[in-house]
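K.L.:
The following block contains the structure, expressed as structure tokens.
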Amino acid sequence: MNQTVVSYLSQYEFYDFLLALFRNNQGVLAFTLYLLLALIIVGMCATIGGLGTYAERKISADLQARIGPNRVGPYGLLQMLADGVKMMTKEDIMPFTADKKLFYLAPLLCLTGVFATLAVLPFSSGFIMADLNVGIFYLVAISSLVGLGVFLGGYASNSKWSMLGGMRGASQIISYEIPVTISILAIVLLAGGMGFGTIVGRQGGLPHEWFMFHNPFAFIAFFVYSVGALAETNRAPFDLPEAESELVSGYHTEYTGMRFGFFALAEYIEVFVVCGVAASLFLGGYNVPGIKLDILPMQAAQFVIFMTKTLVLYYVVIWIRWTLPRLRVDQLMSVCWKYLTPIAIFNLMGCAIWMVVFNGKSIAELVLGSH
Amino acid sequence: MIPAQFDALMPIVIFMGLAILLFFGGHYLSVVLAPKKPSHLKSTPYECGELPVGSAWSMFNVRFYVVGLIFIIFDVESVLMFPVASIFRELNDMGQGGYALIIFLSFISVLIEGIAYCWKKGDLDWVKSFQHSHKKENK
């Protein structure tokens with residue numbers, strides 16, 4: 001049932017060659033391949049996270065008619081390396097009132113939760129580390145670890161700013177999980193499966209084959225998901241857990257050096273993951289427009305398509321941050337519970353009815369009359 | 001093909017392991033590279049330059065607890081809906097769509113009832129406590 005990247009590679013001839021190299025020990029070979037590919041993905045995502053901090057500053061500079069970082073390397077591109085070195089060489093300070101073990105572990109929870117989601121992210125039809133048959137369900141479940149990390153970080157610091165930030169963070173993340181989950185449910189309903197392979201396989205490369213344009217309800221569900229995902233990753237305009245102007249910097253006020261760096265890295269990778277999920281669920285994922293072939297070079301094309309969609313969404317996330325002002329806490333909660341959740345439930349019902357009435361056909365199929 | 005023991009859970013464990021490795025590796029680097037000059041004043045919790053008064057672990061507003069409770073109800077209901085949603089298309093192709101739809105909608109109506117009840121009770125209002133007690137006094 002569960003496709004993995006190794007079971008995909010095993011259909012090619014060079015897999016047998018590698019197997020001979022490993023003396024037919026399939027377990028060791030599978031482990032090595034997994035580790036190698038996991039290292040590639042982690043390295044890539046860490047680079048994207050680092051470039052995310054750079055892009056964030058450069059785009060904000062553009063929007064505010066400033067120059068932005070331009071000293072380190074060409075166009076300031078090496079700024080992220082300079083930041084990384086600086087974080088490592090800063091003293092690690094822990095408040096003497098803090099709960100030391102929890103204070104130490106909170107960034108690890110954030111990091112583990114985000115890294116574990118990378119295992120099911122579909123970069124291409126073959127290059128998906130583990131195409132679990134409960135893919136999206138697993139992703140929603142495991143990414144709750146991030147909320148736990150945020151809350152523990154705030155709680156363990158024993159500082160008032162951190163505590164307020166952590167409490168807000170926890171209530172915000174769990175609240176916005178509801179509209180996000182229900183929007184995802186609508187897509188699961190349309191796709192008829194929870195695995196990423198199934199969901200993306202149901203869609204096509206061209207916009208009218210995407211789930212976003214499948215029916216009007218799915219179209220609204222995309223926006224509900226986007227707003228909820230922004231809030232779940234603590235991005236502006238929902239960055240209340242770390243609101244600079246009211247809470248200093250919220251749940252990571254007391255974190256310095258590398259530990260702060262882990263929080264930041266986890267946040268930027270999480271934004272990438274959330275954008276990737278939005279691209280695969282609603283925007284056709286890795287499907288190449290017009291071509292359906294099962295050869296190895298296609299994987300590269302699919303990878304490029306997926307990354308393009310994801311990075312465009314990443315740009316939109318940064319764009320939103322520097323365009324919209326921050327909400328108030330009560331507005332935040334009423335947006336979630338009084339607007340997004342009812343709309344999401346309405347979308348779910350609409351999708352279910354659409355499935356039965358139009359026998360699972362999309363608008364385009366109904367209009368063009370195909371199938 | 002691949003035997004069952006190399007199942008899809010291995011990459012997940014590997015990714016979690018990499019996170020732990022990165023975490024402790026980064027910590028090790030920062031222990032080696034960073035200066036260490038602890039002082040009592042430096043490790044006081046930040047309170048805008050003032051000496052902190054009291055602990056931050058004090059009583060907290062109960063509405064966070066209410067939000068947590070509502071979340072658990074809705075989360076469990078959405079978890080229960082996932083299996084139904086994933087076989088909905090299959091049921092529809094088998095011609096059982098209408099039957100599945102009625103069951104699905106009646107389950108969602110429980111969810112709607114729940115949110116309507118919370119809304120009526122005022123649990124979805126963030127700044128309700130003051131307004132509500134005010135209204136009662138007027139009566």
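For the structure tokens, the naming scheme is as follows: chains receive sequential letters (A, B, ...) according to their order of presentation, residues are indexed from 1 within each chain, and ligands are indexed from 1 in presentation order.
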Write out as a list in words each polymer residue whose atoms come within 10 Å of A:Val72, counting only C-alpha atoms; drop sequence neighbours fewer than 5 positions from it.
P.N.:
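What passes the distance filter is Leu77, Leu78, Gln79, Met80, Leu81 and Ala82 of chain A.
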K.L.:
Using only C-alpha atoms, which protein or nucleic acid residues come within 9 Å of stretch 25-28 of chain B? Drop anything in the same chain fewer than 4 positions from it, and give the result as a PyMOL selection string.
P.N.:
(chain A and resi 88+258-259+262) or (chain B and resi 20-21+32-33)
K.L.:
Between atom CA of A:Phe213 and atom CA of A:Ala141, what distance in Å does the model show, to one decimal?
P.N.:
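Atom-to-atom, atom CA of A:Phe213 to atom CA of A:Ala141, that is 26.7 Å.
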K.L.:
Taking only C-alpha atoms into account, find every residue of chain B that has an atom no more than 7 Å from chain A, and write it out as a ChimeraX atom specification.
P.N.:
/B:1-2,6,8,11-12,14-16,19-20,23,26-27,29-30,33-36,43-46,55-57,64,67-68,71,74-75,78,82,85-90,92,97-98,101,105,124-127
K.L.:
Atoms to include: C-alpha atoms. Write the selected residues as a short mmCIF file (atom, residue, chain, number, x, y, z; two decimals), in the first residue's frame.
P.N.:
```
data_model
loop_
_atom_site.label_atom_id
_atom_site.label_comp_id
_atom_site.auth_asym_id
_atom_site.auth_seq_id
_atom_site.Cartn_x
_atom_site.Cartn_y
_atom_site.Cartn_z
CA MET B 1 9.63 -5.57 -4.71
CA ILE B 2 10.48 -4.40 -1.23
CA PHE B 6 11.48 -1.68 4.99
CA ALA B 8 7.26 3.55 4.87
CA PRO B 11 12.01 7.66 6.42
CA ILE B 12 9.92 9.23 9.16
CA ILE B 14 15.21 9.00 9.81
CA PHE B 15 13.84 12.53 9.50
CA MET B 16 13.15 12.73 13.23
CA ALA B 19 16.20 16.76 13.54
CA ILE B 20 17.61 15.47 16.83
CA PHE B 23 19.66 20.03 17.31
CA GLY B 26 24.08 22.88 16.69
CA HIS B 27 24.17 22.93 20.47
CA LEU B 29 28.89 23.97 17.99
CA SER B 30 27.48 26.80 20.04
CA LEU B 33 32.21 28.61 19.73
CA ALA B 34 30.15 30.84 21.99
CA PRO B 35 31.61 32.80 24.90
CA LYS B 36 30.43 31.84 28.39
CA SER B 43 20.14 35.58 33.49
CA THR B 44 17.18 37.37 35.00
CA PRO B 45 14.00 37.08 32.90
CA TYR B 46 13.54 40.04 30.59
CA SER B 55 6.90 34.40 38.81
CA ALA B 56 5.30 34.25 35.37
CA TRP B 57 3.63 30.98 36.34
CA PHE B 64 -7.79 29.75 27.01
CA VAL B 67 -10.82 27.37 23.64
CA GLY B 68 -8.87 24.20 24.37
CA PHE B 71 -10.78 22.53 20.03
CA PHE B 74 -13.94 19.68 16.93
CA ASP B 75 -10.63 17.93 16.46
CA SER B 78 -12.82 15.95 12.22
CA PHE B 82 -11.43 11.48 7.75
CA ALA B 85 -14.27 11.27 3.49
CA SER B 86 -11.56 9.05 2.05
CA ILE B 87 -13.99 6.32 0.94
CA PHE B 88 -16.75 8.71 -0.10
CA ARG B 89 -15.74 8.66 -3.77
CA GLU B 90 -15.59 4.88 -3.76
CA ASN B 92 -20.34 7.14 -4.81
CA GLY B 97 -23.52 8.04 -2.78
CA GLY B 98 -26.92 9.23 -1.55
CA LEU B 101 -24.24 11.65 1.88
CA LEU B 105 -24.46 15.33 6.51
CA LEU B 124 -16.64 32.08 20.92
CA ASP B 125 -16.46 35.71 22.06
CA TRP B 126 -13.02 36.58 23.31
CA VAL B 127 -14.03 39.58 25.44
#
```
K.L.:
Between atom CA of A:Thr233 and atom CA of A:Cys275, measure the distance and give it in Å to one decimal.
P.N.:
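Going from atom CA of A:Thr233 over to atom CA of A:Cys275 covers 10.7 Å.
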K.L.:
Just asking: which residues within chain B are alpha helix (DSSP H) according to DSSP, as a ChimeraX atom specification?
P.N.:
/B:9-33,63-93,97-121,128-138
K.L.:
Mind pulling up the distance from atom CA of A:Ile128 to atom CA of A:Ala300?
P.N.:
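Separation of atom CA of A:Ala300 and atom CA of A:Ile128: 12.7 Å.
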